[in-house]
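Beneath this line is the structure, given in structure tokens, with notes to follow.
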Amino acid sequence: MAKGRILIDVERCKGCELCREACPPDVIALADTLNSKGYRPVMLLDPQHECTGCALCATVCPDGCITVYRESVPKPQRKRKQPAYPGHVIPVAA
Amino acid sequence: MAKGRILIDVERCKGCELCREACPPDVIALADTLNSKGYRPVMLLDPQHECTGCALCATVCPDGCITVYRESVPKPQRKRKQPAYPGHVIPVAA
Amino acid sequence: MVTLEPPIEQLPCENLIYSRPESLAEIQTHYCPGCTHGVAHRLVAEVIDELEIQERTILVAPVGCAVFAYNYFDFDSAEAAHGRAPAMATGLKRVNPNSIVFTYQGDGDLASIGIAEAIHAATRGENITVIFVNNAIYGMTGGQMAPTSLIGQVTTSSPTGKDAALTGMPMHIAEMMAPLPGVVYSVRRSLHDARHTIQAKKAIRTAFEAQIQGLGFSIVELLSSCPTNWKMTPLDAAHWVRDEMIPVYPLGDFKVAEPLQNKNRSA
Amino acid sequence: MVTLEPPIEQLPCENLIYSRPESLAEIQTHYCPGCTHGVAHRLVAEVIDELEIQERTILVAPVGCAVFAYNYFDFDSAEAAHGRAPAMATGLKRVNPNSIVFTYQGDGDLASIGIAEAIHAATRGENITVIFVNNAIYGMTGGQMAPTSLIGQVTTSSPTGKDAALTGMPMHIAEMMAPLPGVVYSVRRSLHDARHTIQAKKAIRTAFEAQIQGLGFSIVELLSSCPTNWKMTPLDAAHWVRDEMIPVYPLGDFKVAEPLQNKNRSA
Amino acid sequence: MSKELLKGNVAIAEAAVRAGCEAYFGYPITPQTELLEHMSKRMPELGRVFLQAESEVAAVNMVYGAASAGVRVMTSSSSPGISLMQEGISYIAGSEVPAVIVDVMRGGPGLGNIQPSQADYNQVVKQAGHGDFHPIVLAPSTIQEAIDMMVLSFDLAEKYRTIVFLVLDGAIGQMMEPAELPPMQEVKKKRPFWALSSQEARRTNGELPQKNVITSIHLGAEALHKFNEHLQRKLAQIEANEVRYYENYMEDAEVAVVAFGTAGRVAETAVKTLRAEGVPVGLHRPITLWPFPEKRLQELADRVKAFLVVEMNAGQMFHDVREAVGREVPVEFLGRMGGLIPFPTEVEAEVHALWRRTEVLEMHRP
Amino acid sequence: MSKELLKGNVAIAEAAVRAGCEAYFGYPITPQTELLEHMSKRMPELGRVFLQAESEVAAVNMVYGAASAGVRVMTSSSSPGISLMQEGISYIAGSEVPAVIVDVMRGGPGLGNIQPSQADYNQVVKQAGHGDFHPIVLAPSTIQEAIDMMVLSFDLAEKYRTIVFLVLDGAIGQMMEPAELPPMQEVKKKRPFWALSSQEARRTNGELPQKNVITSIHLGAEALHKFNEHLQRKLAQIEANEVRYYENYMEDAEVAVVAFGTAGRVAETAVKTLRAEGVPVGLHRPITLWPFPEKRLQELADRVKAFLVVEMNAGQMFHDVREAVGREVPVEFLGRMGGLIPFPTEVEAEVHALWRRTEVLEMHRP
Amino acid sequence: METSIVISGFGGQGVLFTGQLLAYAGMDNDKHVTWIPSYGPEMRGGTANCTVIVSDDPVGSPLVAEPDVAVVLNLPSFEKYEGLVKPGGLLVVNSSIVNAETLRNDIEVVSVPANQIADELGSVKMMNMAALGALLAKRPFLTLSQVKQALDDHLPARKADLLEANKLVLQKGYEVGTAVPA
Amino acid sequence: METSIVISGFGGQGVLFTGQLLAYAGMDNDKHVTWIPSYGPEMRGGTANCTVIVSDDPVGSPLVAEPDVAVVLNLPSFEKYEGLVKPGGLLVVNSSIVNAETLRNDIEVVSVPANQIADELGSVKMMNMAALGALLAKRPFLTLSQVKQALDDHLPARKADLLEANKLVLQKGYEVGTAVPA
Ligand SMILES: Cc1ncc(C[n+]2csc(CCOP(=O)(O)OP(=O)(O)O)c2C)c(N)n1
Ligand SMILES: Cc1ncc(C[n+]2csc(CCOP(=O)(O)OP(=O)(O)O)c2C)c(N)n1
Ligand code: SF4
Ligand code: SF4
Ligand code: SF4
Ligand code: SF4
Ligand code: SF4
Ligand code: SF4
Ligand SMILES: [Mg+2]
Ligand SMILES: [Mg+2]
């Protein structure tokens, strides 16, 4: 199965866990920390590299926090904007 | 066939002729005169006594001008108000 | 004073077969000659007499040619704002649950400006009755296009004929109301001739019976004529209802809730 | 600054599979965690990107939780009065026939106060698209009953549960719109899980395509969650949509006009 | 009974219940929603009518219907909702049925925001719909006053067969304050003689079983003119009987601050502070915005040197004050818009400045 | 061009067409229906937009939509319909998009009747919806003036991005009078920079292809306060620039008759008769009801001995006159309601009485 | 000089056009004119009327309490306006269908058998012109030829074939009016 | 004397109830009080705050520009209210989750590790009581026992089981507040 990875805009994430529910290999988990809005964001927790890049998480995310990459033969794509955030970064204190 | 007769409140009649159209034996006709509202009312013109008292004329009259009587064996009836007008009387000049 | 000939002789043994209903006031209507608003009024009044509910009936009159309906009926009446009769009737009925409350509305009133109040009263299953007089035009204001006007119909606001591409197809109120769960009775009848008028009366009766039984929202759509604004004689107008309106607005029962069935079959 | 573990390594040869659509502004929404308004926004934005119509699209935002939708989309937008978005959209579209005009409306906005404007725009066959977010409640004002609330649903204005006898059964907008001749596309989808979300997006795309093709009025009803006012977690809310709402609001295609068929079949 | 800590919207709702309100129709809108919500709980409990309408347009017309049946009925809303009710309000006025409307004003125009405002003074006071009429407009400035006036609203509505508006701003609707609720009144059994109820019932009551008609139509110009004259006579009677206001420190005041509602309580704080500083200032707080305490202001104009009108709008009651006062005495204005509440310090500063100007003027007077 | 015999409603409609009105949305209501009907014929002929809306609520929101696209757009209605438009009007004001509304007033309150009236002066002048704003209100008194002001309405609406009301009463809408129509203007091709149209088009025009947003929301109290300050500054600018009135015989007048619209033309007839009798009376006829010719009336107050306000209502503009004039000079009122038009003889009698009283007063003055 | 005229009759008697014709004639001859119909639901199947004012000065109110002239084409109009005509004013009565006499002796009355006149000259529909002719005979604020010219200029195109007939009826009405003693 | 207090934090931190408790305590002890929440769509998933005024005289505005006291339970609240507190006023900071220092030296600051205190005594949900205790220690316009009494009288019945725990947390917060040097 193709391998994938996701970036999560943790400042935008509201910790609703809908992505976690949607993820087939269950590689999304709540972080231990709060972001500056007071939400506990999710993170990719994928030591086994089980993420398939299926984008189901991104499909259900109400806040458009998730960017998905997949390892694969390159194919022609629509122009897509690259995320402006570094992913998995929480700027406030724990 | 049961014989009938109708009374027409000519002051109320607007001469629309819907009753005339509805009358099976065609015994309703427009009068030659105008009533005080300027309408030409209808009248019962029934020399052959063809009116059956079928009340179809009354059924279609938009102005409730028609009272219907029918010669028949009396049968129990709902209280109905007797007309307050004499019928076929036009108070204004021709 | 002139008495018309021939004089009217009494018949030997005669019964009073038909006379104006009690619930209809003596006042002469302002309706144009041949306008079937008058027929609709009379039928409602007859039904109310027959059901012996005159003393507990409340009319909610519309804005439209029937705006003075409260003068023509002989029972308590209110005059609503344009299109809001179902809301006003809701207010009346909720605080007077034993009254029989009905609205009498034209197509401009109900289908155009008042569609929200009609649909919501129907959805709530408000236990009221709606007499809906569809004459495919705004009568009172001088013959503008209604949502019920036929395609191609020339009116004072569609001078080249109603254009479906710009203003849509005619609205079918009886059909639209029928699927709403609060509606127990939704039918369409016509007033263009005696036979249909008799059927219309039966439907009006059923609609009021539905309310008396506390079943919910009942509506009778009556195809009606507006000779004046259609610019026709009353007879031609009746024929226009028959020949032009009925093909677009099929008569029939679109919903008859269980307890009302076997009462009054489709026209 | 704290970076979450584990660090994210780039894959050897990776494609960008998914990222936020261009038509979605960078601004963070004010929606509650797990509120599927956000999903609906994203899907619309994705469709508009895919159809390459961002520069000629005009949103008409409602009054409701989506009142600030104009901040979240990156194209021309207007903010309508409560329930009047279809009227405002009509005004916009009639003078901008080349624009793609859509309304985004909640169930209070469309089904309750705005039902007249919705039905009339649909009847006229206004060439606009309506994204109708049905979350069975008034979100923005704090969880009052909507015409779409389920029977027995406890809300802040139906504290003992919605009572059908007093307030009627839930309103079925997609079904109500479908028979109107001006409507070319009327479907219901749900946003409660990924599979259904993908189907919802297809429907949204078809609805916009209908407009691009100038066919007439298209509407997509989206079953949506309001975790806050339902007083549930986002996951429980998603399950409530699946278990309680869908049985009352069946998903499906209620009207798909000829030219749109074979595009997108029923969910 | 002792005081409870009550939220304005809830207090008003409960006061209405206790005033024997028999039916409530309304549509949710911030910042009045708690009122509707409280009614949704209490009215069914008591076997009375609560209905969430599909819109404010429907709500006001439901009120019109129930009012035509002669029961105590009310609705509540906030600015945009009140705009939608204008037609129905005008019909109610034209039909002379009693009804009560609570308007918890918010910032405008348009959707604006939901913060406290008095920007709809003109809307309710000058013309709450088309045609010549005035609702009675009561403007409480504490929760206790709001409660008392809620009860009064029903009494006045019935007494004059008119619409009564209880207007507050979002602040009074949303805040909590200790207050005492009135005793519980049962709903009245007997409907008024003019009401649409049941001819049968009226006959049983020994009244004439004539039909009753509720309408706002008077077809001919003469007929409608006559009706309007009747309406104007009634309004004149209300003007003569029902003016209400509150004053503090006015006996020897040389500057009068005029303000209503929340602005009135803010102004009172400022006036107290100023008095402590020795500034001869007093507060006049209109409680009835219509009928307006015009005569009283005229009296004051004869003895104060200047007026300061404080409002949470761009200056609306200001014009009524200026009309009452005339051009001889300066009338100044301090306004906050968009949901801002003026702070006492701002009022103080303004009075200080005004007082100084007035004194200087005084010195230069011949 | 020469004069034609034109019906008011039709003349106004045709004037709007010729002013380049690009879209009309409206709902039939007497006594303005001929306006809508004329539009239904002319607009499609010219390839412009005519749509009969399902209601006035929808009509005003369609106007809001088209106005947001920056085109010349209008609606027309009469009193109850204008009530229904209040919310939409407030949104338009809060969004600062230009729109024109014709209000052919009829007798109220409620359904009232359809006879000529000025009973909605307050409704349009004081607050045509919730929130602090004023539409510009133009009140013609002849059909020629109505035509000219219809054109002016569009210009002012665009200039100030505001709502302009053209108010008449049923008499001016229904009557025929000779008048000259303006030349035909094509609809403008270019949309204003703020309009919702197409980013693509804006880019082609060399404008920044940023998104445009039309909204009336300003969430925070501070933000909405700021917006309101901006709005008030704009209104002040309109007040400074756009006051219009007409006067006759005012130079040496000792009694000023103030009246607008049909009452204004009736008053003018009376003034002429009175002048012929030697009574020193003049006419002041406000053309802009908002902005109101307050300053001019203040000037007049310094030299006339008394004012008579004549209106087809219970006394609405009267209060504006009295506010402007102050309490030193008597301001009297002659009103006809419910669709009655005062007759010149009635005005004459009133002026005579007022003039006699004033003279007597004069004699007793120290 | 200012003359106010009310014309009243059943809908279909050409009431509104008769008034407009006077207004056109006035306008074309540099008078100030106004025309205003009564409007409203009372029109439904009832009577119609309009008020015309022809004046040398700008017209104030387009309505008058007491018209200088009333042209009454049916009985209800007679009943309504007989009492309203200004003392010294003129009442033109369509004697073909109005079978009533005024009790007033402070106004001038001209009875014209308008229906008959028009019927004889082609169609009863033109009866309004007969009444108008009689009015012009008695109150020459506009001349007969000015009104004929107005007919030439303003009779709707679809009625062009009736132009000459209308003029004849107008003429005849004028003659009848002239014949009636003052 | 009049004291104005703003309490601000995330929804769920008990902000509104904390304010009401103060209002109750004031009312029960014959003070004039007002309580007002911020309301509106900004509440959606955001922060909540309320303003309480406890006074010897009737209260004018229920809102204040510069509160005497601000209790800030999270960082956004700290950022919002730190600058608004009246000079000489008090800022109570929930140091458990607010990791920031004020630059102002004209106000008094009390840091309370409210989450920890509450957590240790049963549930982090009671952290609002810890902050309130600290406030009372520094600004005794109401006494600790008056507020405890108010808890007895006004804690919603469904939370009765937490009554004693709440009092303990309040007490502990009070002690921490007292310990902090003025
Ligand atoms: C708010 C409002 N808008 C418009 C009108 C004008 N109006 C009166 S009746 C009517 C339409 C009547 O048409 P319909 O309901 O079909 O009744 P009909 O006269 O045909 O029986 C309209 C638009 C009004 N009175 N009030
Ligand atoms: C005329 C008017 N009435 C009421 C309101 C208050 N209001 C704002 S949003 C809303 C309902 C929102 O519910 P819905 O449309 O279902 O949207 P949601 O928030 O659930 O997405 C209401 C009643 C308003 N702003 N304007
Ligand atoms: S892309 Fe698929 S597998 Fe990877 S995290 Fe998202 S849902 Fe899970
Ligand atoms: S779905 Fe989005 S907002 Fe929700 S937890 Fe996942 S990333 Fe965060
Ligand atoms: S009762 Fe029958 S037969 Fe007699 S007149 Fe009427 S329709 Fe004709
Ligand atoms: S149907 Fe009635 S109104 Fe019509 S002609 Fe016959 S009697 Fe007269
Ligand atoms: S206008 Fe039409 S609907 Fe109205 S009364 Fe006349 S015929 Fe009937
Ligand atoms: S209140 Fe409900 S609908 Fe609104 S944002 Fe929150 S969850 Fe979504
Ligand atoms: Mg109709
Ligand atoms: Mg919703």
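A note on labels: chains of the structure tokens are A, B, ... as shown, every chain counts residues from 1, and ligands are counted from 1 in their shown order.
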
Name the residues in contact with D:Pro170 at a cut-off of 7 Å, using only C-alpha atoms, excluding same-chain residues fewer than 4 positions from it; report them as a PDB file with N, CA, C and O atoms, in the first residue's frame.
```
ATOM      1  N   PRO D 147     -37.764  24.229  12.193  1.00  0.00           N
ATOM      2  CA  PRO D 147     -38.828  23.426  11.562  1.00  0.00           C
ATOM      3  C   PRO D 147     -38.299  22.049  11.182  1.00  0.00           C
ATOM      4  O   PRO D 147     -39.072  21.142  10.885  1.00  0.00           O
ATOM      5  N   THR D 148     -36.990  21.916  11.185  1.00  0.00           N
ATOM      6  CA  THR D 148     -36.343  20.653  10.844  1.00  0.00           C
ATOM      7  C   THR D 148     -35.971  19.837  12.073  1.00  0.00           C
ATOM      8  O   THR D 148     -35.409  18.746  11.928  1.00  0.00           O
ATOM      9  N   SER D 149     -36.224  20.359  13.261  1.00  0.00           N
ATOM     10  CA  SER D 149     -35.895  19.586  14.464  1.00  0.00           C
ATOM     11  C   SER D 149     -36.710  18.293  14.477  1.00  0.00           C
ATOM     12  O   SER D 149     -37.822  18.240  13.946  1.00  0.00           O
ATOM     13  N   LEU D 150     -36.135  17.275  15.092  1.00  0.00           N
ATOM     14  CA  LEU D 150     -36.806  15.973  15.103  1.00  0.00           C
ATOM     15  C   LEU D 150     -37.846  15.931  16.216  1.00  0.00           C
ATOM     16  O   LEU D 150     -37.731  16.641  17.226  1.00  0.00           O
TER      17      LEU D 150
END
```

Within 12 Å of ligand 5, counting only C-alpha atoms and all ligand atoms, which protein or nucleic acid residues do you find, written as a VMD selection string? (chain B and resid 1 to 8 17 to 29 42 to 61 65 to 71) or (chain C and resid 16 to 19 193 to 195)

Report the residues of stretch 9-173 of chain H whose backbone DSSP state falls under alpha helix (DSSP H), written as a PyMOL selection string. chain H and resi 15-28+75-81+114-120+127-138+144-154+163-173

At most 7 Å from ligand 10 (only C-alpha atoms and all ligand atoms): residue list as a tab-separated table (two decimals) with all heavy atoms, in the first residue's frame:
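Result went into pocket18.tsv, see below:
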```tsv
chain	number	residue	atom	x	y	z
D	106	GLY	N	-28.80	28.14	6.47
D	106	GLY	CA	-29.15	27.17	7.50
D	106	GLY	C	-30.63	26.83	7.44
D	106	GLY	O	-31.38	27.37	6.62
D	107	ASP	N	-31.03	25.93	8.32
D	107	ASP	CA	-32.41	25.48	8.29
D	107	ASP	C	-33.36	26.51	8.89
D	107	ASP	O	-34.50	26.64	8.46
D	107	ASP	CB	-32.57	24.11	8.95
D	107	ASP	CG	-31.83	24.00	10.26
D	107	ASP	OD1	-30.95	24.83	10.54
D	107	ASP	OD2	-32.12	23.06	11.03
D	108	GLY	N	-32.89	27.26	9.89
D	108	GLY	CA	-33.73	28.34	10.37
D	108	GLY	C	-33.91	29.36	9.27
D	108	GLY	O	-35.02	29.82	8.98
D	133	VAL	N	-27.83	23.90	4.69
D	133	VAL	CA	-27.22	23.17	5.79
D	133	VAL	C	-28.26	22.91	6.87
D	133	VAL	O	-28.62	23.81	7.62
D	133	VAL	CB	-26.01	23.95	6.34
D	133	VAL	CG1	-25.41	23.23	7.53
D	133	VAL	CG2	-24.97	24.12	5.25
D	134	ASN	N	-28.70	21.68	6.92
D	134	ASN	CA	-29.75	21.29	7.86
D	134	ASN	C	-29.12	20.64	9.08
D	134	ASN	O	-28.67	19.49	9.04
D	134	ASN	CB	-30.71	20.31	7.16
D	134	ASN	CG	-31.79	19.81	8.10
D	134	ASN	OD1	-31.83	20.17	9.28
D	134	ASN	ND2	-32.67	18.97	7.58
D	135	ASN	N	-29.09	21.39	10.18
D	135	ASN	CA	-28.58	20.81	11.42
D	135	ASN	C	-29.67	20.72	12.48
D	135	ASN	O	-29.40	20.60	13.66
D	135	ASN	CB	-27.36	21.60	11.94
D	135	ASN	CG	-27.69	23.06	12.18
D	135	ASN	OD1	-28.84	23.46	12.12
D	135	ASN	ND2	-26.67	23.86	12.46
D	136	ALA	N	-30.90	20.77	12.02
D	136	ALA	CA	-32.06	20.49	12.88
D	136	ALA	C	-32.15	21.42	14.09
D	136	ALA	O	-32.76	21.07	15.09
D	136	ALA	CB	-32.04	19.03	13.35
D	137	ILE	N	-31.55	22.60	13.96
D	137	ILE	CA	-31.56	23.50	15.11
D	137	ILE	C	-31.15	24.90	14.67
D	137	ILE	O	-30.58	25.07	13.59
D	137	ILE	CB	-30.60	22.98	16.21
D	137	ILE	CG1	-31.05	23.46	17.58
D	137	ILE	CG2	-29.14	23.39	15.93
D	137	ILE	CD1	-30.65	22.54	18.69
D	138	TYR	N	-31.47	25.88	15.49
D	138	TYR	CA	-30.93	27.22	15.31
D	138	TYR	C	-29.61	27.27	16.04
D	138	TYR	O	-29.58	27.38	17.27
D	138	TYR	CB	-31.86	28.27	15.92
D	138	TYR	CG	-33.11	28.55	15.14
D	138	TYR	CD1	-33.76	27.54	14.43
D	138	TYR	CD2	-33.65	29.82	15.11
D	138	TYR	CE1	-34.91	27.81	13.71
D	138	TYR	CE2	-34.81	30.09	14.39
D	138	TYR	CZ	-35.43	29.08	13.70
D	138	TYR	OH	-36.57	29.35	13.00
D	139	GLY	N	-28.52	27.20	15.30
D	139	GLY	CA	-27.22	27.18	15.95
D	139	GLY	C	-26.88	28.53	16.55
D	139	GLY	O	-26.65	28.66	17.76
D	146	ALA	N	-35.93	24.22	15.35
D	146	ALA	CA	-36.10	24.62	13.95
D	146	ALA	C	-37.26	23.82	13.37
D	146	ALA	O	-37.69	22.82	13.96
D	146	ALA	CB	-34.81	24.33	13.18
```

Which protein, DNA or RNA residues have an atom within 8 Å of ligand 2, counting only C-alpha atoms and all ligand atoms, as a ChimeraX atom specification? /D:37,62-67,81-83,105-113,133-141,143,146,226 /E:27-30,55-56,77-78,80-84,111 /F:87

Within 10 Å of chain E, which residues of chain C show up when using only C-alpha atoms, listed as a PyMOL selection string? chain C and resi 53-61+67-68+70-71+73-100+114+116-117+119-121

Which of C:Ile128, C:Ala69, C:Met145, C:Met245 sits closest to C:Phe217 [using only C-alpha atoms]: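 Among the listed residues, C:Ile128 lies closest to C:Phe217.
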
Please report as a ChimeraX atom specification which residues of chain C come no farther than 7 Å from chain G, using only C-alpha atoms. /C:30-33,140

Emit the selected residues as a PDB file, in the first residue's frame, including all heavy atoms.
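Saved as selection37.pdb:
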```pdb
ATOM      1  N   HIS C  30     -69.421  43.563  -3.614  1.00  0.00           N
ATOM      2  CA  HIS C  30     -68.865  44.500  -4.576  1.00  0.00           C
ATOM      3  C   HIS C  30     -68.242  43.757  -5.754  1.00  0.00           C
ATOM      4  O   HIS C  30     -67.600  44.373  -6.593  1.00  0.00           O
ATOM      5  CB  HIS C  30     -67.798  45.362  -3.904  1.00  0.00           C
ATOM      6  CG  HIS C  30     -66.556  44.578  -3.555  1.00  0.00           C
ATOM      7  ND1 HIS C  30     -66.571  43.536  -2.669  1.00  0.00           N
ATOM      8  CD2 HIS C  30     -65.282  44.666  -4.023  1.00  0.00           C
ATOM      9  CE1 HIS C  30     -65.353  43.025  -2.583  1.00  0.00           C
ATOM     10  NE2 HIS C  30     -64.557  43.680  -3.389  1.00  0.00           N
ATOM     11  N   TYR C  31     -68.433  42.437  -5.786  1.00  0.00           N
ATOM     12  CA  TYR C  31     -67.781  41.672  -6.848  1.00  0.00           C
ATOM     13  C   TYR C  31     -68.363  42.014  -8.209  1.00  0.00           C
ATOM     14  O   TYR C  31     -69.527  42.365  -8.337  1.00  0.00           O
ATOM     15  CB  TYR C  31     -67.911  40.171  -6.579  1.00  0.00           C
ATOM     16  CG  TYR C  31     -67.230  39.760  -5.298  1.00  0.00           C
ATOM     17  CD1 TYR C  31     -67.957  39.183  -4.254  1.00  0.00           C
ATOM     18  CD2 TYR C  31     -65.870  39.965  -5.116  1.00  0.00           C
ATOM     19  CE1 TYR C  31     -67.343  38.822  -3.070  1.00  0.00           C
ATOM     20  CE2 TYR C  31     -65.241  39.620  -3.923  1.00  0.00           C
ATOM     21  CZ  TYR C  31     -65.983  39.051  -2.906  1.00  0.00           C
ATOM     22  OH  TYR C  31     -65.375  38.710  -1.727  1.00  0.00           O
ATOM     23  N   CYS C  32     -67.540  41.853  -9.218  1.00  0.00           N
ATOM     24  CA  CYS C  32     -67.978  42.115 -10.575  1.00  0.00           C
ATOM     25  C   CYS C  32     -69.011  41.062 -10.984  1.00  0.00           C
ATOM     26  O   CYS C  32     -69.051  39.965 -10.428  1.00  0.00           O
ATOM     27  CB  CYS C  32     -66.794  42.030 -11.541  1.00  0.00           C
ATOM     28  SG  CYS C  32     -65.395  43.058 -11.084  1.00  0.00           S
ATOM     29  N   PRO C  33     -69.810  41.376 -11.995  1.00  0.00           N
ATOM     30  CA  PRO C  33     -70.791  40.409 -12.465  1.00  0.00           C
ATOM     31  C   PRO C  33     -70.115  39.092 -12.866  1.00  0.00           C
ATOM     32  O   PRO C  33     -69.120  39.105 -13.589  1.00  0.00           O
ATOM     33  CB  PRO C  33     -71.399  41.090 -13.695  1.00  0.00           C
ATOM     34  CG  PRO C  33     -71.183  42.542 -13.469  1.00  0.00           C
ATOM     35  CD  PRO C  33     -69.900  42.649 -12.704  1.00  0.00           C
ATOM     36  N   MET C 140     -57.848  42.313  -7.351  1.00  0.00           N
ATOM     37  CA  MET C 140     -58.116  43.603  -6.728  1.00  0.00           C
ATOM     38  C   MET C 140     -57.250  44.737  -7.246  1.00  0.00           C
ATOM     39  O   MET C 140     -57.715  45.864  -7.387  1.00  0.00           O
ATOM     40  CB  MET C 140     -57.932  43.495  -5.223  1.00  0.00           C
ATOM     41  CG  MET C 140     -57.697  44.834  -4.555  1.00  0.00           C
ATOM     42  SD  MET C 140     -58.078  44.835  -2.828  1.00  0.00           S
ATOM     43  CE  MET C 140     -59.801  45.264  -2.912  1.00  0.00           C
TER      44      MET C 140
END
```

Using DSSP on the backbone, list every residue of stretch 14-82 of chain B that comes out as strand (DSSP E), and give them as a list of chain:residue names. B:Ile28, B:Ala29, B:Leu30, B:Val42, B:Met43, B:Leu44, B:Ile66, B:Thr67, B:Val68, B:Tyr69, B:Arg70, B:Glu71

Using only C-alpha atoms, find which residues of chain H lie within 7 Å of chain E and jot them down as JSON, numbers by chain. {"H": [24, 27, 33, 34, 35, 36, 37, 40, 60, 61]}

Which polymer residues have any atom within 12 Å of an atom of H:Asn29, counting only C-alpha atoms, with same-chain residues fewer than 5 positions away left out, as a list in words?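 Residues near the query, excluding close chain neighbours: Lys3 and Pro178 of chain E; Leu22, Ala23, Tyr24, Val54, Ser55, Asp56, Phe141, Leu142, Thr143, Ser145, Gln146, Val147, Gln149 and Ala150 of chain H.
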
Within 12 Å of ligand 7: each chain B residue with its shortest pair, only C-alpha atoms and all ligand atoms, as CSV:
```
residue,atom,partner,partner_atom_place_in_ligand_line,distance
B:Lys14,CA,ligand 7,7 (S),11.9
B:Cys16,CA,ligand 7,7 (S),10.9
B:Pro62,CA,ligand 7,8 (Fe),9.9
B:Asp63,CA,ligand 7,5 (S),11.5
```

Please produce an output containing all heavy atoms for each residue in the selection, written as an mmCIF file, in the first residue's frame.
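The new file selection_15.cif reads:
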```
data_model
loop_
_atom_site.group_PDB
_atom_site.id
_atom_site.type_symbol
_atom_site.label_atom_id
_atom_site.label_comp_id
_atom_site.auth_asym_id
_atom_site.auth_seq_id
_atom_site.Cartn_x
_atom_site.Cartn_y
_atom_site.Cartn_z
ATOM 1 N N LYS B 14 -76.658 40.765 -11.079
ATOM 2 C CA LYS B 14 -75.717 41.553 -11.876
ATOM 3 C C LYS B 14 -75.745 41.155 -13.344
ATOM 4 O O LYS B 14 -74.869 41.544 -14.113
ATOM 5 C CB LYS B 14 -74.309 41.419 -11.300
ATOM 6 C CG LYS B 14 -74.171 42.061 -9.920
ATOM 7 C CD LYS B 14 -72.821 41.771 -9.295
ATOM 8 C CE LYS B 14 -72.727 42.386 -7.889
ATOM 9 N NZ LYS B 14 -71.676 41.725 -7.092
ATOM 10 N N CYS B 16 -75.087 38.377 -14.908
ATOM 11 C CA CYS B 16 -73.911 37.677 -15.434
ATOM 12 C C CYS B 16 -74.297 36.519 -16.348
ATOM 13 O O CYS B 16 -73.468 35.996 -17.082
ATOM 14 C CB CYS B 16 -73.052 37.170 -14.282
ATOM 15 S SG CYS B 16 -73.817 35.824 -13.362
ATOM 16 N N PRO B 62 -73.483 33.747 -8.466
ATOM 17 C CA PRO B 62 -72.465 34.316 -7.570
ATOM 18 C C PRO B 62 -73.063 35.285 -6.562
ATOM 19 O O PRO B 62 -72.417 35.604 -5.575
ATOM 20 C CB PRO B 62 -71.529 35.080 -8.515
ATOM 21 C CG PRO B 62 -71.863 34.626 -9.886
ATOM 22 C CD PRO B 62 -73.296 34.206 -9.860
ATOM 23 N N ASP B 63 -74.263 35.746 -6.825
ATOM 24 C CA ASP B 63 -74.787 36.788 -5.954
ATOM 25 C C ASP B 63 -75.948 36.322 -5.103
ATOM 26 O O ASP B 63 -76.627 37.145 -4.469
ATOM 27 C CB ASP B 63 -75.104 38.038 -6.767
ATOM 28 C CG ASP B 63 -73.804 38.700 -7.209
ATOM 29 O OD1 ASP B 63 -73.292 38.348 -8.275
ATOM 30 O OD2 ASP B 63 -73.274 39.507 -6.423
#
```
